[in-house]
Each structure stands twice: as C-alpha cells, then as structure tokens.
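Colleague: The structure is given below, and queries will be raised subsequently.
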Amino acid sequence: MEPLDDKELNQLLRKWEAPAAPATMRVETSRSIQSLWSWLWSGRIHVPVPVGVAMVFGALAFWIYSNRTVPAPIGNPVGNAIGSPPVPKVSPPPTMSPAEHTLPPAVEVDKAVTAALSGFRPVGQVEPKIVRVQP
Amino acid sequence: MTEAEFQRFFDEHKDAVYRFAWRMTNSTAVAEDIAQDVFLSLFRQPKRFDPSRGPMRAFLLGIARNLTLKLWRDEERWEQLGNEEFVTPPAHVEHIVRSENAAAVGKAVRSLPPLQREVLILAEYEDLSLEEIARAVESEVGTVKSRLHRARENLKQMLAPFKSVQPASGGRPEKHGTIRR
C-alpha cells in the first residue's frame with residue numbers, strides 16, 4: 001500500500017482535535033502553600049530498601065543495647081567478677097604541717113589505721129635493742 | 001510571581017497544557033491532573049522559568065512532558081519509551097480502516113513510541129520550533145528532527161489506507177507540518 005505524502009498526512013493530522021481544558025479546572029494556590037504543612041501529616045517519602053533495612057536493624061540493635069541488664073558482680077569482687085574489678089577511691093593525701101612530722105611513730109601508726117595509712121612514712125633508721133631479763 | 005501574574009499565565013496556557021497532556025495520555029482525568037500539577041509547579045518554583053531560554057508555553061509543555069513520562073514510569077510503561085526503531089504493526093492498520101478519521105489519527109499518533117509521539121504533538125499541534133521542542137524534551141535539535149521524521153514516516157505508513165478517501169487538493173491552507181526553524 002502506498003504511503004501518504006506530506007500534504008495528505010498534514011490534512012489527516014488536522015482532523016484530530018483535542019478538547020479544551022474544562023472550565024472547572026482550577027489551581028488553588030492558597031492550598032498549595034498550606035500543603036507544605038499538611039505534607040508533614042500526610043506526605044510520603046521514598047526510602048531505598050537497603051537504607052530502610054539498615055535503619056530497622058540499627059533501631060533494633062539500639063533497643064536491645066539500651067534494654068540489656070548488666071549482671072551484678074557475684075562472689076569474690078576482686079578475682080571472679082566479670083569485667084573490671086571495683087577501684088577503691090583514693091583520697092588525696094592531706095597536707096601536713098611540720099608539727100605533725102614530729103609526732104612519735106606510735107601516734108602516727110594509730111592515725112594511719114584510722115585514716116587509711118595516709119601520711120604513713122617508713123622509719124628511716126632502725127635501732128634494735130636486745131633486752132635480756134636477768135634470771 | 002504575584003497571584004495576578006500566575007492567573008494570567010494560567011488563563012493563557014491552560015488549554016495548551018491540557019491538550020498536550022490529553023493527546024499524550026488519552027485521558028481527560030489524567031490530563032487535568034497533569035495540567036494542575038504543571039501550574040502548581042510554576043507557582044511554587046517560578047524562578048525555574050528563564051525567559052531567555054524560550055517562551056512560557058514551551059517551558060510549561062516541558063513540565064507537562066516530564067510529568068507524563070514520570071506517570072508512565074510509575075505505571076511501569078517506561079520500556080516503550082526508547083523504541084526508536086518503531087515499525088507499524090499491520091494489524092493496527094486494519095483496525096484503523098474501520099474507525100472514524102479523527103479517532104483513527106488519534107489512535108495512530110498514540111501508537112507511536114512516546115519519544116516520537118511527544119515530538120510530533122509539540123511540533124504539529126502546539127507549533128513549537130525545533131529549538132523549543134529540544135529544550136522541552138531535553139534533547140538535541142538533531143535528535144528532535146530525527147524523531148519527528150520517524151514519527152511522520154510511521155504515520156504515513158499507518159494512515160496509508162486513508163489515501164483514497166482524502167481530497168486531492170483545495171481546502172484550508174496548511175497550518176500543521178510547517179516547522180519553524
């Protein structure tokens with residue numbers, strides 16, 4: 001079958017008429033501004049599947065981590081506890097006046113016992129004496 | 001853009017946008033939705049229109065074209081778009097013979113691959129220049145020319161059964177088919 005020429009095609013194309021836009025067609029510009037707010041309630045966002053799965057797993061892991069119960073140390077607190085052993089608090093050594101340094105050793109030992117040995121100083125020179133009881 | 005300016009653009013171009021969307025989709029409801037979305041887009045982002053790159057009508061038709069393609073992509077009809085080497089199916093010709101002329105032309109145009117169809121509609125029915133069409137469909141002028149040529153050749157084949165019933169000459173002067181360059 002012989003195809004149409006350009007003139008015949010143009011004549012045929014002109015016969016296909018499109019309707020005009022309906023008179024009821026309106027664009028509500030005021031609503032279009034409000035729609036930004038309504039989008040927060042009814043809008044939709046597209047999330048790629050890998051990102052969505054990663055977010056779900058991340059949220060799940062966070063929930064499990066935050067809700068886990070930490071077991072209290074049982075028995076020997078130094079040797080058998082899980083994790084690091086409790087560290088005793090160390091108070092800074094009190095500043096001593098020169099007069100305190102002259103205290104006799106017995107007094108100093110007593111203070112050390114009651115004050116967690118703070119300010120303990122080893123004896124500088126030991127002079128043992130042998131006391132013999134005469135029969 | 002003030003609301004008055006927007007209303008003026010709407011009144012001037014709503015028919016062209018609606019016609020284009022209707023010819024592309026063959027649905028009055030979808031065409032109306034697309035036309036409304038086109039003007040909403042203009043209202044929200046008026047700075048996207050650059051007068052130095054072409055008239056407002058070509059800009060709006062470009063948006064309508066993109067929305068139409070997006071609709072087809074969402075409906076998974078995208079695979080038909082790139083079919084440049086379109087060959088007229090013989091069964092379609094037989095169907096056209098039995099139809100009314102106008103409806104047959106519409107069916108023939110709609111049976112073109114979308115990339116040929118949009119170029120043909122913009123050129124033949126909306127009187128856009130090749131440069132304006134190229135901007136609207138985001139292609140080169142040479143590509144547009146080639147698609148338009150293929151579309152017309154396909155239509156000549158498809159509508160060949162109407163050759164005998166066409167008047168030989170006379171009638172109104174030709175409006176369509178003369179592309180501004």
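Identifiers in the structure tokens: chain A, B, ... in order shown; residue index from 1 per chain; ligand index from 1 in order shown.
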Would you give me, as a PyMOL selection string, the residues of chain B that come within 9 Å of chain A, using only C-alpha atoms?
Modeller: chain B and resi 3+10+14-20+22-23+28+31-32+35-37+39-40+43-44+101-106+109+124-125+152-153+155-163+166-169+174-177
Colleague: Would you export the selected residues with C-alpha atoms as an mmCIF file, in the first residue's frame, please?
Modeller:
data_model
loop_
_atom_site.group_PDB
_atom_site.id
_atom_site.type_symbol
_atom_site.label_atom_id
_atom_site.label_comp_id
_atom_site.auth_asym_id
_atom_site.auth_seq_id
_atom_site.Cartn_x
_atom_site.Cartn_y
_atom_site.Cartn_z
ATOM 1 C CA GLU B 3 -1.062 35.728 42.121
ATOM 2 C CA PHE B 10 -2.854 30.012 33.791
ATOM 3 C CA LYS B 14 -4.031 26.058 30.414
ATOM 4 C CA ASP B 15 -5.593 24.895 27.143
ATOM 5 C CA ALA B 16 -2.252 24.148 25.506
ATOM 6 C CA VAL B 17 -1.002 22.217 28.527
ATOM 7 C CA TYR B 18 -4.254 20.301 28.876
ATOM 8 C CA ARG B 19 -4.377 19.495 25.140
ATOM 9 C CA PHE B 20 -0.836 18.181 25.168
ATOM 10 C CA TRP B 22 -4.698 14.712 26.746
ATOM 11 C CA ARG B 23 -3.051 13.813 23.456
ATOM 12 C CA THR B 28 -9.336 13.662 30.448
ATOM 13 C CA ALA B 31 -4.737 15.337 31.589
ATOM 14 C CA GLU B 32 -6.463 17.553 34.128
ATOM 15 C CA ALA B 35 -2.223 20.329 33.912
ATOM 16 C CA GLN B 36 -2.914 21.228 37.539
ATOM 17 C CA ASP B 37 0.445 19.839 38.614
ATOM 18 C CA PHE B 39 0.744 25.095 37.157
ATOM 19 C CA LEU B 40 1.329 24.178 40.787
ATOM 20 C CA PHE B 43 3.525 28.642 41.292
ATOM 21 C CA ARG B 44 5.886 27.002 43.736
ATOM 22 C CA ASN B 101 -10.868 9.516 10.605
ATOM 23 C CA ALA B 102 -10.190 11.678 13.666
ATOM 24 C CA ALA B 103 -10.237 8.762 16.060
ATOM 25 C CA ALA B 104 -8.028 6.821 13.696
ATOM 26 C CA VAL B 105 -5.471 9.618 13.579
ATOM 27 C CA GLY B 106 -5.540 9.797 17.361
ATOM 28 C CA VAL B 109 -0.445 9.018 16.955
ATOM 29 C CA GLU B 124 2.310 19.565 14.712
ATOM 30 C CA TYR B 125 -0.278 20.609 17.272
ATOM 31 C CA ARG B 152 5.855 11.249 10.304
ATOM 32 C CA GLU B 153 7.116 8.328 8.244
ATOM 33 C CA LEU B 155 2.184 7.831 10.426
ATOM 34 C CA LYS B 156 2.322 7.890 6.646
ATOM 35 C CA GLN B 157 2.524 4.112 6.674
ATOM 36 C CA MET B 158 -0.125 3.670 9.345
ATOM 37 C CA LEU B 159 -2.609 6.017 7.734
ATOM 38 C CA ALA B 160 -1.994 4.836 4.178
ATOM 39 C CA PRO B 161 -5.481 3.228 3.980
ATOM 40 C CA PHE B 162 -6.910 6.762 4.104
ATOM 41 C CA LYS B 163 -5.092 7.824 0.959
ATOM 42 C CA GLN B 166 -8.559 12.153 1.083
ATOM 43 C CA PRO B 167 -9.471 15.086 -1.180
ATOM 44 C CA ALA B 168 -6.774 15.623 -3.800
ATOM 45 C CA SER B 169 -6.337 19.341 -3.145
ATOM 46 C CA GLU B 174 -1.930 24.147 5.773
ATOM 47 C CA LYS B 175 -1.228 25.037 9.344
ATOM 48 C CA HIS B 176 0.430 21.929 10.595
ATOM 49 C CA GLY B 177 3.537 20.326 9.266
#
Colleague: Between atom CA of A:Trp39 and atom CA of B:Met24, what is the spacing in Å?
Modeller: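 Result for atom CA of B:Met24 versus atom CA of A:Trp39: 29.3 Å, one decimal.
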Colleague: Please, what distance in Å, to one decimal, runs between atom CA of B:Asn26 and atom CA of B:Leu69?
Modeller: 13.8 Å
Colleague: Report as a PyMOL selection string all protein, DNA and RNA residues lying within 10 Å of B:Leu130, evaluated on only C-alpha atoms, omitting residues in the same chain fewer than 5 positions from it.
Modeller: chain B and resi 119+122-123+135-136+140-145+148+179-181
